[in-house]
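Data from data-v5.txt: compact mmCIF, C-alpha atoms
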# COMPACT_ATOMS: atom_id res chain seq x y z
CA MET A 1 0.00 0.00 0.00
CA SER A 2 1.35 3.41 -0.96
CA LEU A 3 1.51 6.27 1.51
CA SER A 4 -0.94 8.22 -0.63
CA ALA A 5 -3.64 5.67 0.25
CA ILE A 6 -3.41 6.24 4.01
CA PRO A 7 -5.81 9.23 4.19
CA THR A 8 -8.56 7.16 2.56
CA LEU A 9 -7.73 3.85 4.25
CA PHE A 10 -10.86 3.99 6.40
CA GLY A 11 -12.87 6.19 4.09
CA VAL A 12 -16.56 5.47 3.63
CA ARG A 13 -17.43 8.26 1.21
CA GLY A 14 -20.29 7.13 -1.01
CA ALA A 15 -20.83 3.87 0.88
CA VAL A 16 -24.25 2.44 1.66
CA ALA A 17 -24.27 0.58 4.98
CA VAL A 18 -26.86 -1.18 7.10
CA VAL A 19 -26.22 -1.38 10.85
CA THR A 20 -28.60 -3.49 12.90
CA GLY A 21 -29.20 -2.48 16.50
CA GLY A 22 -27.86 0.99 15.71
CA GLY A 23 -30.07 2.77 18.23
CA THR A 24 -28.70 1.15 21.37
CA GLY A 25 -25.56 -0.33 22.83
CA LYS A 26 -22.15 0.37 21.33
CA LEU A 27 -23.48 1.97 18.17
CA ASN A 28 -25.69 4.43 20.01
CA TYR A 29 -22.70 6.77 19.79
CA ILE A 30 -22.55 6.62 16.00
CA PRO A 31 -25.29 9.18 15.17
CA LYS A 32 -23.56 11.80 17.33
CA LEU A 33 -20.16 11.10 15.79
CA PHE A 34 -21.67 10.94 12.31
CA ASP A 35 -23.31 14.33 12.79
CA ARG A 36 -20.04 15.82 13.94
CA TYR A 37 -17.65 14.36 11.37
CA CYS A 38 -19.75 13.24 8.38
CA ARG A 39 -22.13 16.08 7.68
CA ASN A 40 -22.59 15.13 4.02
CA GLY A 41 -24.07 11.71 4.76
CA ASN A 42 -27.43 10.49 5.99
CA ILE A 43 -28.62 8.20 8.77
CA ILE A 44 -32.02 6.67 8.04
CA PRO A 45 -33.60 4.80 10.99
CA VAL A 46 -35.73 1.82 10.01
CA GLU A 47 -37.69 -0.30 12.48
CA CYS A 48 -37.05 -4.02 12.10
CA ASP A 49 -37.58 -7.20 14.13
CA ILE A 50 -34.12 -8.70 13.80
CA SER A 51 -35.39 -12.12 14.90
CA SER A 52 -37.90 -12.33 12.03
CA PRO A 53 -36.64 -13.32 8.55
CA LYS A 54 -39.82 -11.76 7.14
CA SER A 55 -39.01 -8.43 8.81
CA LEU A 56 -35.40 -8.66 7.66
CA GLN A 57 -36.57 -9.26 4.09
CA SER A 58 -38.74 -6.16 4.36
CA LEU A 59 -35.68 -4.20 5.48
CA ALA A 60 -33.68 -5.54 2.54
CA ASN A 61 -36.51 -4.54 0.19
CA THR A 62 -36.46 -1.02 1.64
CA VAL A 63 -32.72 -0.70 1.06
CA LYS A 64 -33.08 -2.08 -2.46
CA ALA A 65 -35.86 0.36 -3.33
CA ARG A 66 -33.93 3.35 -1.98
CA HIS A 67 -30.36 2.53 -3.04
CA GLY A 68 -30.31 -0.64 -5.14
CA TYR A 69 -27.11 -1.91 -3.57
CA LEU A 70 -25.20 -2.30 -0.29
CA ASN A 71 -21.49 -1.99 0.52
CA LEU A 72 -21.45 -2.89 4.20
CA LEU A 73 -23.65 -4.87 6.57
CA VAL A 74 -22.94 -4.67 10.30
CA ASN A 75 -24.62 -7.35 12.39
CA ASN A 76 -24.65 -5.45 15.66
CA ALA A 77 -28.04 -6.16 17.28
CA GLY A 78 -27.75 -8.20 20.44
CA VAL A 79 -29.28 -9.04 23.80
CA ALA A 80 -27.91 -10.21 27.14
CA LEU A 81 -30.28 -12.39 29.18
CA ASN A 82 -29.89 -15.17 31.78
CA LEU A 83 -27.73 -12.87 33.90
CA LEU A 84 -25.96 -14.76 36.65
CA PRO A 85 -26.12 -13.66 40.29
CA LYS A 86 -23.13 -13.88 42.58
CA LEU A 87 -22.69 -17.63 42.76
CA PRO A 88 -22.36 -19.48 46.08
CA THR A 89 -19.08 -21.20 46.82
CA PRO A 90 -18.40 -24.14 49.14
CA LYS A 91 -17.58 -21.52 51.78
CA THR A 92 -20.79 -19.46 51.36
CA GLY A 93 -23.38 -22.11 50.47
CA ASP A 94 -24.04 -25.72 49.58
CA ILE A 95 -24.34 -27.53 46.26
CA LYS A 96 -28.12 -27.09 46.22
CA SER A 97 -27.87 -23.28 46.49
CA PHE A 98 -25.26 -23.31 43.73
CA GLN A 99 -27.54 -25.46 41.58
CA ARG A 100 -30.54 -23.17 42.18
CA ALA A 101 -28.54 -20.06 41.28
CA LEU A 102 -27.57 -21.56 37.92
CA LEU A 103 -31.05 -22.89 37.17
CA ASN A 104 -32.88 -19.71 38.15
CA ALA A 105 -30.72 -17.32 36.11
CA GLY A 106 -33.41 -16.83 33.49
CA THR A 107 -35.44 -19.38 31.54
CA PRO A 108 -34.85 -21.76 28.64
CA GLN A 109 -36.83 -19.27 26.52
CA ASP A 110 -34.36 -16.52 27.50
CA PHE A 111 -31.57 -18.86 26.43
CA ALA A 112 -33.24 -19.45 23.05
CA THR A 113 -33.95 -15.74 22.56
CA THR A 114 -30.30 -14.90 23.18
CA PHE A 115 -29.16 -17.30 20.47
CA ASN A 116 -31.95 -16.19 18.14
CA VAL A 117 -30.88 -12.54 18.30
CA ASN A 118 -27.11 -12.84 18.74
CA THR A 119 -26.41 -15.69 16.32
CA THR A 120 -29.35 -16.89 14.23
CA ALA A 121 -30.42 -13.37 13.23
CA ALA A 122 -26.87 -12.54 12.12
CA TYR A 123 -26.94 -15.53 9.77
CA TYR A 124 -30.30 -14.73 8.19
CA CYS A 125 -29.51 -11.03 7.93
CA SER A 126 -26.24 -11.80 6.13
CA VAL A 127 -27.92 -14.19 3.70
CA LEU A 128 -30.91 -11.94 2.95
CA PHE A 129 -28.62 -9.04 2.01
CA LEU A 130 -26.34 -11.13 -0.23
CA ASP A 131 -27.82 -9.93 -3.52
CA LEU A 132 -27.49 -6.29 -2.45
CA LEU A 133 -23.89 -6.84 -1.32
CA ASP A 134 -23.18 -8.44 -4.70
CA ALA A 135 -24.80 -5.42 -6.38
CA GLY A 136 -22.44 -3.22 -4.37
CA ASN A 137 -19.48 -5.08 -5.83
CA ARG A 138 -20.87 -4.74 -9.34
CA ARG A 139 -21.51 -1.03 -8.87
CA GLY A 140 -17.86 -0.49 -7.95
CA ASN A 141 -18.50 2.74 -6.03
CA MET A 142 -15.95 1.76 -3.36
CA ARG A 143 -12.92 1.47 -5.60
CA GLY A 144 -10.62 -1.33 -4.52
CA VAL A 145 -12.90 -2.36 -1.64
CA SER A 146 -15.28 -5.30 -1.92
CA SER A 147 -18.56 -5.62 -0.06
CA GLN A 148 -18.34 -6.81 3.50
CA VAL A 149 -20.28 -8.27 6.41
CA ILE A 150 -19.05 -7.35 9.88
CA THR A 151 -20.45 -9.26 12.84
CA ILE A 152 -20.09 -7.64 16.25
CA ALA A 153 -19.43 -10.51 18.64
CA SER A 154 -17.69 -10.09 22.01
CA GLY A 155 -14.43 -10.82 23.72
CA GLY A 156 -16.65 -12.80 26.06
CA GLY A 157 -17.05 -15.36 23.29
CA TYR A 158 -13.52 -16.54 24.05
CA ARG A 159 -14.03 -16.85 27.81
CA ARG A 160 -14.35 -20.13 29.67
CA ASP A 161 -13.97 -18.95 33.26
CA ASP A 162 -16.70 -18.93 35.90
CA LYS A 163 -16.85 -15.13 36.13
CA VAL A 164 -18.89 -14.57 32.95
CA PHE A 165 -22.08 -12.59 33.55
CA SER A 166 -24.26 -14.81 31.35
CA VAL A 167 -23.75 -18.34 30.07
CA SER A 168 -26.18 -17.93 27.16
CA TYR A 169 -24.61 -14.62 26.07
CA THR A 170 -21.09 -16.07 26.19
CA LEU A 171 -22.08 -19.14 24.20
CA SER A 172 -24.06 -17.14 21.63
CA LYS A 173 -21.09 -14.84 21.02
CA ALA A 174 -18.76 -17.82 20.65
CA ALA A 175 -21.18 -19.10 18.02
CA ALA A 176 -21.28 -15.67 16.34
CA ILE A 177 -17.48 -15.68 16.10
CA HIS A 178 -17.55 -19.05 14.37
CA LEU A 179 -20.42 -17.92 12.15
CA GLY A 180 -18.26 -15.05 10.88
CA LYS A 181 -15.54 -17.54 9.95
CA LEU A 182 -18.02 -19.80 8.17
CA LEU A 183 -19.50 -16.91 6.19
CA ALA A 184 -16.02 -15.84 5.07
CA ASN A 185 -15.64 -19.21 3.37
CA PHE A 186 -19.21 -19.39 2.06
CA PHE A 187 -19.02 -15.92 0.51
CA LYS A 188 -15.41 -15.88 -0.75
CA ASP A 189 -16.19 -16.93 -4.33
CA TRP A 190 -18.54 -13.95 -4.59
CA GLN A 191 -15.88 -11.52 -3.37
CA ILE A 192 -17.93 -10.68 -0.28
CA ARG A 193 -15.87 -10.49 2.88
CA SER A 194 -16.89 -11.53 6.39
CA ASN A 195 -15.11 -10.28 9.48
CA VAL A 196 -15.80 -10.32 13.21
CA ILE A 197 -15.11 -7.63 15.81
CA CYS A 198 -14.88 -8.77 19.44
CA PRO A 199 -15.06 -5.74 21.74
CA GLY A 200 -14.33 -5.90 25.43
CA VAL A 201 -16.54 -4.29 28.06
CA PHE A 202 -17.95 -1.07 26.60
CA PRO A 203 -20.02 1.46 28.55
CA SER A 204 -23.55 1.43 27.14
CA CYS A 205 -27.14 0.71 28.15
CA MET A 206 -26.28 -3.02 28.06
CA SER A 207 -23.23 -2.54 30.30
CA PRO A 208 -23.71 0.50 32.56
CA PRO A 209 -20.76 2.33 34.13
CA SER A 210 -21.02 0.21 37.29
CA THR A 211 -20.40 -2.92 35.21
CA PHE A 212 -17.65 -1.18 33.28
CA MET A 213 -15.84 -0.09 36.43
CA ALA A 214 -16.23 -3.52 38.03
CA ALA A 215 -14.61 -5.15 34.99

Let me see the structure of the file written as structure tokens.
Amino acid sequence: MSLSAIPTLFGVRGAVAVVTGGGTGKLNYIPKLFDRYCRNGNIIPVECDISSPKSLQSLANTVKARHGYLNLLVNNAGVALNLLPKLPTPKTGDIKSFQRALLNAGTPQDFATTFNVNTTAAYYCSVLFLDLLDAGNRRGNMRGVSSQVITIASGGGYRRDDKVFSVSYTLSKAAAIHLGKLLANFFKDWQIRSNVICPGVFPSCMSPPSTFMAA
């Protein structure tokens, strides 16, 4: 890469991007930053049920009608359920209290919802936008940069210690990490990239300052 390319290395001028879950969590900061540094662009909020393929298809249809192509999809929507309490130890409780704490940290439905939003939805969203991502490549408006899917997972997806705050969240993010790797291989012949970002603890409505400071 030549030095002349550095100023535009992270440029997104002219790009069309879809960011799921953009109104909360980590990406809640984006509209403010966008307004400050990217005054020539537009943010268009669209309501969508990320867990419904039908709703996702409607979102894809909206993007197609307005733009006709897509350069970047960010699978960012997520939930954290089945939050664990402070677990008893052999010094503070017995095996039954330990068992109850694990069993009562949410419901099986919470477990399923976590996977549905954090992993399953990322798969269906990526697949339903494939034709628009391909159209982005064909349009060639991002010279030298092919269309891409970015999945926001979590550093927690690599953890295996007993201090995680949610078993279902940790497992769903581990699955999301592997999903990103699978998609990279599924999409490679179409010149559509798949990458995963695994943030650490980030102050947001999902992890308030008290959680951030404790970490």

Give me, as an mmCIF file with C-alpha atoms, in the coordinates of the input, all polymer residues having an atom no more than 12 Å from region 137-142 of chain A, counting only C-alpha atoms and skipping those fewer than 3 positions away in the same chain.
data_model
loop_
_atom_site.group_PDB
_atom_site.id
_atom_site.type_symbol
_atom_site.label_atom_id
_atom_site.label_comp_id
_atom_site.auth_asym_id
_atom_site.auth_seq_id
_atom_site.Cartn_x
_atom_site.Cartn_y
_atom_site.Cartn_z
ATOM 1 C CA THR A 8 -8.560 7.160 2.560
ATOM 2 C CA LEU A 9 -7.730 3.850 4.250
ATOM 3 C CA PHE A 10 -10.860 3.990 6.400
ATOM 4 C CA GLY A 11 -12.870 6.190 4.090
ATOM 5 C CA VAL A 12 -16.560 5.470 3.630
ATOM 6 C CA ARG A 13 -17.430 8.260 1.210
ATOM 7 C CA GLY A 14 -20.290 7.130 -1.010
ATOM 8 C CA ALA A 15 -20.830 3.870 0.880
ATOM 9 C CA VAL A 16 -24.250 2.440 1.660
ATOM 10 C CA ALA A 17 -24.270 0.580 4.980
ATOM 11 C CA HIS A 67 -30.360 2.530 -3.040
ATOM 12 C CA GLY A 68 -30.310 -0.640 -5.140
ATOM 13 C CA TYR A 69 -27.110 -1.910 -3.570
ATOM 14 C CA LEU A 70 -25.200 -2.300 -0.290
ATOM 15 C CA ASN A 71 -21.490 -1.990 0.520
ATOM 16 C CA LEU A 72 -21.450 -2.890 4.200
ATOM 17 C CA LEU A 130 -26.340 -11.130 -0.230
ATOM 18 C CA ASP A 131 -27.820 -9.930 -3.520
ATOM 19 C CA LEU A 132 -27.490 -6.290 -2.450
ATOM 20 C CA LEU A 133 -23.890 -6.840 -1.320
ATOM 21 C CA ASP A 134 -23.180 -8.440 -4.700
ATOM 22 C CA VAL A 145 -12.900 -2.360 -1.640
ATOM 23 C CA SER A 146 -15.280 -5.300 -1.920
ATOM 24 C CA SER A 147 -18.560 -5.620 -0.060
ATOM 25 C CA GLN A 148 -18.340 -6.810 3.500
ATOM 26 C CA TRP A 190 -18.540 -13.950 -4.590
ATOM 27 C CA GLN A 191 -15.880 -11.520 -3.370
ATOM 28 C CA ILE A 192 -17.930 -10.680 -0.280
ATOM 29 C CA ARG A 193 -15.870 -10.490 2.880
#

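Shortest atom-to-atom contact with Leu102 (chain A) among A:Thr120, A:Ser58, A:Ser154, A:Ser166: A:Ser166, counting only C-alpha atoms.
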
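Across the structure, CA of Leu59 (chain A) and CA of Val74 (chain A) are spaced 13.6 Å apart.
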
- [ ] List the neighbours of Val164 (chain A) out to 12 Å using only C-alpha atoms; skip same-chain residues closer than 2 positions along the sequence, and give me the result as a PyMOL selection string.
- [x] chain A and resi 80+82-87+154-162+166-171+201+211+215

Box along x, y and z, 4 Å on every side, all listed atoms of region 64-74 of chain A inside: centre and edge lengths in Å to one decimal, as lines of an AutoDock Vina configuration file.
center_x = -28.7
center_y = -0.8
center_z = 2.6
size_x = 22.4
size_y = 16.2
size_z = 23.4

Open item on the list: Would you pick out the contacts of Cys48 (chain A) at 12 Å or less, using only C-alpha atoms, so that residues sharing its chain but fewer than 6 positions from it are not included, and give the list as a list in words?
Closed with: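 Answer for this query is Val18, Val19, Thr20, Gly21, Gly22, Gly23, Lys54, Ser55, Leu56, Gln57, Ser58, Leu59, Ala60, Asn61, Thr62, Ala77, Ala121 and Cys125 of chain A.
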
Have region 143-171 of chain A completed to N, CA and C atoms, please, and pass it along as a CSV table (one decimal), keeping the file's coordinate frame.
chain,number,residue,atom,x,y,z
A,143,ARG,N,-14.0,2.0,-4.8
A,143,ARG,CA,-12.9,1.5,-5.6
A,143,ARG,C,-11.9,0.7,-4.8
A,144,GLY,N,-11.6,-0.5,-5.2
A,144,GLY,CA,-10.6,-1.3,-4.5
A,144,GLY,C,-11.1,-2.0,-3.2
A,145,VAL,N,-12.4,-1.8,-2.9
A,145,VAL,CA,-12.9,-2.4,-1.6
A,145,VAL,C,-14.1,-3.2,-2.0
A,146,SER,N,-14.1,-4.5,-1.6
A,146,SER,CA,-15.3,-5.3,-1.9
A,146,SER,C,-16.3,-5.2,-0.8
A,147,SER,N,-17.5,-5.6,-1.1
A,147,SER,CA,-18.6,-5.6,-0.1
A,147,SER,C,-18.2,-6.5,1.1
A,148,GLN,N,-18.8,-6.1,2.3
A,148,GLN,CA,-18.3,-6.8,3.5
A,148,GLN,C,-19.5,-7.0,4.5
A,149,VAL,N,-19.4,-8.1,5.2
A,149,VAL,CA,-20.3,-8.3,6.4
A,149,VAL,C,-19.4,-8.2,7.6
A,150,ILE,N,-19.8,-7.4,8.6
A,150,ILE,CA,-19.0,-7.4,9.9
A,150,ILE,C,-20.0,-7.8,11.0
A,151,THR,N,-19.6,-8.8,11.7
A,151,THR,CA,-20.4,-9.3,12.8
A,151,THR,C,-19.8,-8.8,14.1
A,152,ILE,N,-20.6,-8.1,15.0
A,152,ILE,CA,-20.1,-7.6,16.2
A,152,ILE,C,-20.4,-8.8,17.3
A,153,ALA,N,-19.3,-9.4,17.6
A,153,ALA,CA,-19.4,-10.5,18.6
A,153,ALA,C,-19.0,-9.9,20.0
A,154,SER,N,-18.1,-10.6,20.7
A,154,SER,CA,-17.7,-10.1,22.0
A,154,SER,C,-16.4,-10.8,22.4
A,155,GLY,N,-15.6,-10.1,23.1
A,155,GLY,CA,-14.4,-10.8,23.7
A,155,GLY,C,-14.9,-11.9,24.7
A,156,GLY,N,-16.1,-11.8,25.2
A,156,GLY,CA,-16.6,-12.8,26.1
A,156,GLY,C,-16.8,-14.1,25.4
A,157,GLY,N,-16.9,-14.1,24.0
A,157,GLY,CA,-17.0,-15.4,23.3
A,157,GLY,C,-15.8,-16.3,23.4
A,158,TYR,N,-14.7,-15.7,23.9
A,158,TYR,CA,-13.5,-16.5,24.0
A,158,TYR,C,-13.3,-17.0,25.5
A,159,ARG,N,-14.2,-16.6,26.4
A,159,ARG,CA,-14.0,-16.8,27.8
A,159,ARG,C,-14.6,-18.2,28.2
A,160,ARG,N,-13.9,-18.8,29.2
A,160,ARG,CA,-14.4,-20.1,29.7
A,160,ARG,C,-14.2,-20.2,31.2
A,161,ASP,N,-14.1,-19.0,31.8
A,161,ASP,CA,-14.0,-19.0,33.3
A,161,ASP,C,-15.4,-18.9,33.9
A,162,ASP,N,-15.4,-18.9,35.2
A,162,ASP,CA,-16.7,-18.9,35.9
A,162,ASP,C,-17.1,-17.5,36.3
A,163,LYS,N,-16.5,-16.5,35.8
A,163,LYS,CA,-16.8,-15.1,36.1
A,163,LYS,C,-17.7,-14.4,35.0
A,164,VAL,N,-18.1,-15.2,34.0
A,164,VAL,CA,-18.9,-14.6,33.0
A,164,VAL,C,-20.2,-14.1,33.5
A,165,PHE,N,-20.8,-13.1,33.0
A,165,PHE,CA,-22.1,-12.6,33.6
A,165,PHE,C,-23.3,-13.3,33.0
A,166,SER,N,-23.1,-14.1,31.9
A,166,SER,CA,-24.3,-14.8,31.4
A,166,SER,C,-23.7,-16.0,30.5
A,167,VAL,N,-24.2,-17.2,30.8
A,167,VAL,CA,-23.8,-18.3,30.1
A,167,VAL,C,-24.3,-18.3,28.6
A,168,SER,N,-25.6,-17.9,28.5
A,168,SER,CA,-26.2,-17.9,27.2
A,168,SER,C,-25.5,-16.9,26.3
A,169,TYR,N,-25.3,-15.7,26.8
A,169,TYR,CA,-24.6,-14.6,26.1
A,169,TYR,C,-23.2,-15.1,25.6
A,170,THR,N,-22.4,-15.6,26.5
A,170,THR,CA,-21.1,-16.1,26.2
A,170,THR,C,-21.1,-17.1,25.1
A,171,LEU,N,-22.0,-18.1,25.2
A,171,LEU,CA,-22.1,-19.1,24.2
A,171,LEU,C,-22.6,-18.6,22.9
